[in-house]
Amino acid sequence: MSYEPPFQITADISTLSLEIAEMVGRLSPASDLSASPSLHRELRIKTIHSSLAIEQNTLTEDQVTDIIDGKRVLGPRNEIREVENAKRAYDLLESLDPLSIDDLLFAHGVMMEGFGQDAGRWRMKNAGVYDGDRLIHAGTPAAYVPEVMTDLFAWIKGTEVHPLIASCVFHYEFEFVHPFSDGNGRTGRLWHTLMLSHWRAVLAWLPVESMIHERQADYYAALNASNTQGSSTLFVGFMLEVIRDAMLPYCTPAAGLDSLRDRILNSLGRNPHATLPVIAKETGTSLRTVERTLATLKAEGALERVGSARKGFWKVKQNNSEH
């Protein structure tokens, strides 16, 4: 019987997937995220810095930039080597196949070159994730790693689950198995980006790792919560939020009255007492998106909440005057 990772596609997961797909669909071929070499370079540097910072690399983003530019940097030699290796690994994205175990092993070999004798090979000893001296997760026993990873790749190849969701499930399963003696985190995040880029090429540049770094405690909390539940559902929801939020700065809203902001303002202009579920239903978006957009509108002075959360109402403003 083929392996099926345990997870559920909840209403929130479906909504987030749809929201991300719509955001990607609004990106024009000429958008900065799609076509700007300077932005691509900036985001790749941020990605490498963030992914390594999560692993306790202490080099600054400026130092990472200098290393990538071939300049001499004063710092721990092993940390400089980590940056050089990560740069080479991310440069391989276009040539790697996310469905190939051999390519995963090759990418790990590049990422971890010079750090032990088993770079590019499954670990031969049992391993776990520690918080100081405390074991917080024991990886799959080493003897079973090749079989489990083969089953996971077979699932990825055959699944009909949406690629956005499947990539998040793979990310969790990879970290759960912990297939390498070192470099699991950075390699898993690299592979997640690779999977996203094969769904939509522009996502190769999306700074998902930077968003994970900003929410590092929540990232590990989501992993641990999913471990406890025996299902990746919570982690998938968290990662979809990360992907969605990473998209926000680069996704131009639809123009005119089709923009979500205008639709929300028009809705509240007609019904100042509308609740969040009512606004979400009328505008065809998620509660989280409505909450985030309302907060932005309030901060910009375009919207004001009068009275309590339960009995108050919304006051729509225009040019900082009442509408």
# chains A, B, ... in the order shown; residues from 1 in each chain; ligands from 1

$ residues_around --residues "Gln117 of chain A" --least-positions-apart "6" --cutoff "12 Å" --atoms "only C-alpha atoms" --output "ChimeraX atom specification"
/A:109,123-124,180-182

$ write_last_selection --atoms "N, CA and C atoms" --output "compact mmCIF listing (two decimals), in the first residue's frame"
# COMPACT_ATOMS: atom_id res chain seq x y z
N GLY A 109 24.68 17.51 -1.03
CA GLY A 109 26.12 17.42 -1.14
C GLY A 109 26.77 18.76 -1.40
N ARG A 123 21.88 9.76 6.40
CA ARG A 123 22.64 9.51 7.63
C ARG A 123 22.65 8.01 7.95
N MET A 124 23.72 7.61 8.60
CA MET A 124 23.91 6.20 8.96
C MET A 124 23.64 5.95 10.44
N PHE A 180 19.27 13.57 6.96
CA PHE A 180 20.71 13.78 6.92
C PHE A 180 21.26 14.01 8.33
N SER A 181 22.54 13.79 8.50
CA SER A 181 23.15 14.01 9.81
C SER A 181 23.24 15.48 10.14
N ASP A 182 23.27 16.34 9.11
CA ASP A 182 23.32 17.79 9.30
C ASP A 182 22.77 18.45 8.04

$ residues_around --residues "Glu82 of chain A" --least-positions-apart "6" --cutoff "10 Å" --atoms "only C-alpha atoms" --output "list in words"
Ile48, His49, Leu52, Asn57, Val64, Arg88, Met111, Met112, Glu113, Gly114 and Phe115 of chain A

$ write_last_selection --atoms "N, CA and C atoms" --output "PDB file, in the first residue's frame"
ATOM      1  N   ILE A  48      19.444  33.490   1.398  1.00  0.00           N
ATOM      2  CA  ILE A  48      20.607  32.764   1.892  1.00  0.00           C
ATOM      3  C   ILE A  48      20.952  33.199   3.310  1.00  0.00           C
ATOM      4  N   HIS A  49      20.944  34.505   3.540  1.00  0.00           N
ATOM      5  CA  HIS A  49      21.244  35.008   4.889  1.00  0.00           C
ATOM      6  C   HIS A  49      20.240  34.473   5.904  1.00  0.00           C
ATOM      7  N   LEU A  52      20.452  30.581   6.622  1.00  0.00           N
ATOM      8  CA  LEU A  52      21.614  30.235   7.436  1.00  0.00           C
ATOM      9  C   LEU A  52      21.525  30.825   8.834  1.00  0.00           C
ATOM     10  N   ASN A  57      24.073  30.777  11.940  1.00  0.00           N
ATOM     11  CA  ASN A  57      25.170  31.465  11.259  1.00  0.00           C
ATOM     12  C   ASN A  57      25.099  32.938  11.656  1.00  0.00           C
ATOM     13  N   VAL A  64      27.212  38.621   3.975  1.00  0.00           N
ATOM     14  CA  VAL A  64      26.769  37.625   2.985  1.00  0.00           C
ATOM     15  C   VAL A  64      26.860  38.212   1.579  1.00  0.00           C
ATOM     16  N   ARG A  88      25.909  28.317  -4.148  1.00  0.00           N
ATOM     17  CA  ARG A  88      26.024  27.322  -5.208  1.00  0.00           C
ATOM     18  C   ARG A  88      24.764  26.463  -5.294  1.00  0.00           C
ATOM     19  N   MET A 111      25.298  21.748  -0.671  1.00  0.00           N
ATOM     20  CA  MET A 111      25.010  22.600   0.485  1.00  0.00           C
ATOM     21  C   MET A 111      25.962  22.316   1.648  1.00  0.00           C
ATOM     22  N   MET A 112      26.340  21.057   1.822  1.00  0.00           N
ATOM     23  CA  MET A 112      27.120  20.659   2.999  1.00  0.00           C
ATOM     24  C   MET A 112      28.546  20.236   2.659  1.00  0.00           C
ATOM     25  N   GLU A 113      29.017  20.588   1.481  1.00  0.00           N
ATOM     26  CA  GLU A 113      30.381  20.228   1.095  1.00  0.00           C
ATOM     27  C   GLU A 113      31.379  20.802   2.111  1.00  0.00           C
ATOM     28  N   GLY A 114      32.282  19.942   2.578  1.00  0.00           N
ATOM     29  CA  GLY A 114      33.283  20.372   3.541  1.00  0.00           C
ATOM     30  C   GLY A 114      32.845  20.251   4.988  1.00  0.00           C
ATOM     31  N   PHE A 115      31.613  19.782   5.197  1.00  0.00           N
ATOM     32  CA  PHE A 115      31.099  19.626   6.560  1.00  0.00           C
ATOM     33  C   PHE A 115      30.798  18.152   6.831  1.00  0.00           C
TER      34      PHE A 115
END

$ atom_distance --atom1 "atom CA of Val290 of chain A" --atom2 "atom CA of Leu276 of chain A"
7.0 Å

$ select_by_dssp --residues "segment 105-206 of chain A" --states "strand (DSSP E)" --output "PyMOL selection string"
chain A and resi 128-131+134-138

$ closest_residue --among "A:Asp103, A:Asp151, A:Glu94, A:Glu79" --to "Leu203 of chain A" --atoms "only C-alpha atoms"
A:Glu94

$ atom_distance --atom1 "atom CA of Phe7 of chain A" --atom2 "atom CA of Thr283 of chain A"
28.9 Å

$ select_by_dssp --residues "segment 113-273 of chain A" --states "alpha helix (DSSP H)" --output "ChimeraX atom specification"
/A:145-158,163-177,184-199,208-214,216-229,233-247,260-270

$ closest_residue --among "A:Tyr219, A:Glu214, A:Trp205, A:Gly237" --to "Leu39 of chain A" --atoms "only C-alpha atoms"
A:Trp205

$ residues_around --residues "Ser231 of chain A" --least-positions-apart "3" --cutoff "10 Å" --atoms "only C-alpha atoms" --output "ChimeraX atom specification"
/A:5-8,169,172-173,223,225-228,234-236

$ write_last_selection --atoms "C-alpha atoms" --output "CSV table (one decimal), in the first residue's frame"
chain,number,residue,atom,x,y,z
A,5,PRO,CA,1.2,11.5,4.6
A,6,PRO,CA,-1.3,12.3,7.4
A,7,PHE,CA,-2.9,15.7,7.0
A,8,GLN,CA,-6.3,17.3,6.3
A,169,VAL,CA,3.4,18.6,3.3
A,172,TYR,CA,7.0,18.9,7.1
A,173,GLU,CA,7.6,15.2,6.2
A,223,LEU,CA,6.5,21.8,13.6
A,225,ALA,CA,2.4,21.0,17.2
A,226,SER,CA,2.2,18.9,14.1
A,227,ASN,CA,4.5,16.3,15.6
A,228,THR,CA,2.2,16.1,18.7
A,234,LEU,CA,-1.1,22.8,11.4
A,235,PHE,CA,2.3,23.2,9.8
A,236,VAL,CA,0.8,23.3,6.3

$ residues_around --residues "Ile68 of chain A" --least-positions-apart "3" --cutoff "12 Å" --atoms "only C-alpha atoms" --output "list of chain:residue names"
A:Arg41, A:Glu42, A:Arg44, A:Ile45, A:Lys46, A:Ile48, A:His49, A:Glu61, A:Asp62, A:Gln63, A:Val64, A:Thr65, A:Lys71, A:Arg72, A:Val73, A:Ile80, A:Arg81, A:Glu82, A:Val83, A:Glu84, A:Asn85, A:Ala86, A:Lys87, A:Arg88, A:Tyr90, A:Asp91

$ residues_around --residues "Leu104 of chain A" --least-positions-apart "2" --cutoff "10 Å" --atoms "only C-alpha atoms" --output "list in words"
Leu96, Asp97, Pro98, Leu99, Ser100, Ile101, Asp102, Phe106, Ala107, His108, Gly109, Val110, Gly120, Arg121, Thr187, Gly188, Leu190 and Trp191 of chain A

$ residues_around --residues "Leu43 of chain A" --least-positions-apart "4" --cutoff "10 Å" --atoms "only C-alpha atoms" --output "ChimeraX atom specification"
/A:33,37-39,47-49,204-210

$ write_last_selection --atoms "N, CA and C atoms" --output "compact mmCIF listing (two decimals), in the first residue's frame"
# COMPACT_ATOMS: atom_id res chain seq x y z
N LEU A 33 9.07 41.17 -9.34
CA LEU A 33 9.36 39.83 -8.87
C LEU A 33 9.58 38.88 -10.03
N PRO A 37 16.28 41.73 -12.47
CA PRO A 37 17.51 41.05 -12.02
C PRO A 37 18.04 41.62 -10.71
N SER A 38 17.93 42.93 -10.51
CA SER A 38 18.44 43.52 -9.27
C SER A 38 17.63 43.05 -8.06
N LEU A 39 16.30 42.93 -8.24
CA LEU A 39 15.47 42.43 -7.14
C LEU A 39 15.76 40.95 -6.90
N THR A 47 17.47 35.54 1.15
CA THR A 47 17.11 34.14 1.36
C THR A 47 18.26 33.35 1.97
N ILE A 48 19.44 33.49 1.40
CA ILE A 48 20.61 32.76 1.89
C ILE A 48 20.95 33.20 3.31
N HIS A 49 20.94 34.50 3.54
CA HIS A 49 21.24 35.01 4.89
C HIS A 49 20.24 34.47 5.90
N ALA A 204 10.57 31.10 -7.47
CA ALA A 204 11.97 30.80 -7.16
C ALA A 204 12.62 31.94 -6.39
N TRP A 205 12.10 33.14 -6.58
CA TRP A 205 12.70 34.33 -5.96
C TRP A 205 11.95 34.78 -4.71
N LEU A 206 10.84 34.14 -4.40
CA LEU A 206 10.04 34.57 -3.26
C LEU A 206 10.82 34.34 -1.96
N PRO A 207 10.95 35.35 -1.10
CA PRO A 207 11.78 35.22 0.11
C PRO A 207 11.07 34.49 1.25
N VAL A 208 10.68 33.25 0.99
CA VAL A 208 9.98 32.46 2.01
C VAL A 208 10.87 32.25 3.23
N GLU A 209 12.16 31.98 2.99
CA GLU A 209 13.08 31.76 4.11
C GLU A 209 13.19 32.99 5.01
N SER A 210 13.14 34.19 4.41
CA SER A 210 13.21 35.42 5.20
C SER A 210 12.00 35.54 6.11

$ closest_residue --among "A:Ile54, A:Pro249, A:Lys315, A:Lys298" --to "Ala217 of chain A" --atoms "only C-alpha atoms"
A:Ile54

$ closest_residue --among "A:Asn184, A:Leu287, A:Ser167, A:Ser232" --to "Trp155 of chain A" --atoms "only C-alpha atoms"
A:Ser167

$ atom_distance --atom1 "atom CA of Glu241 of chain A" --atom2 "atom CA of His273 of chain A"
28.0 Å
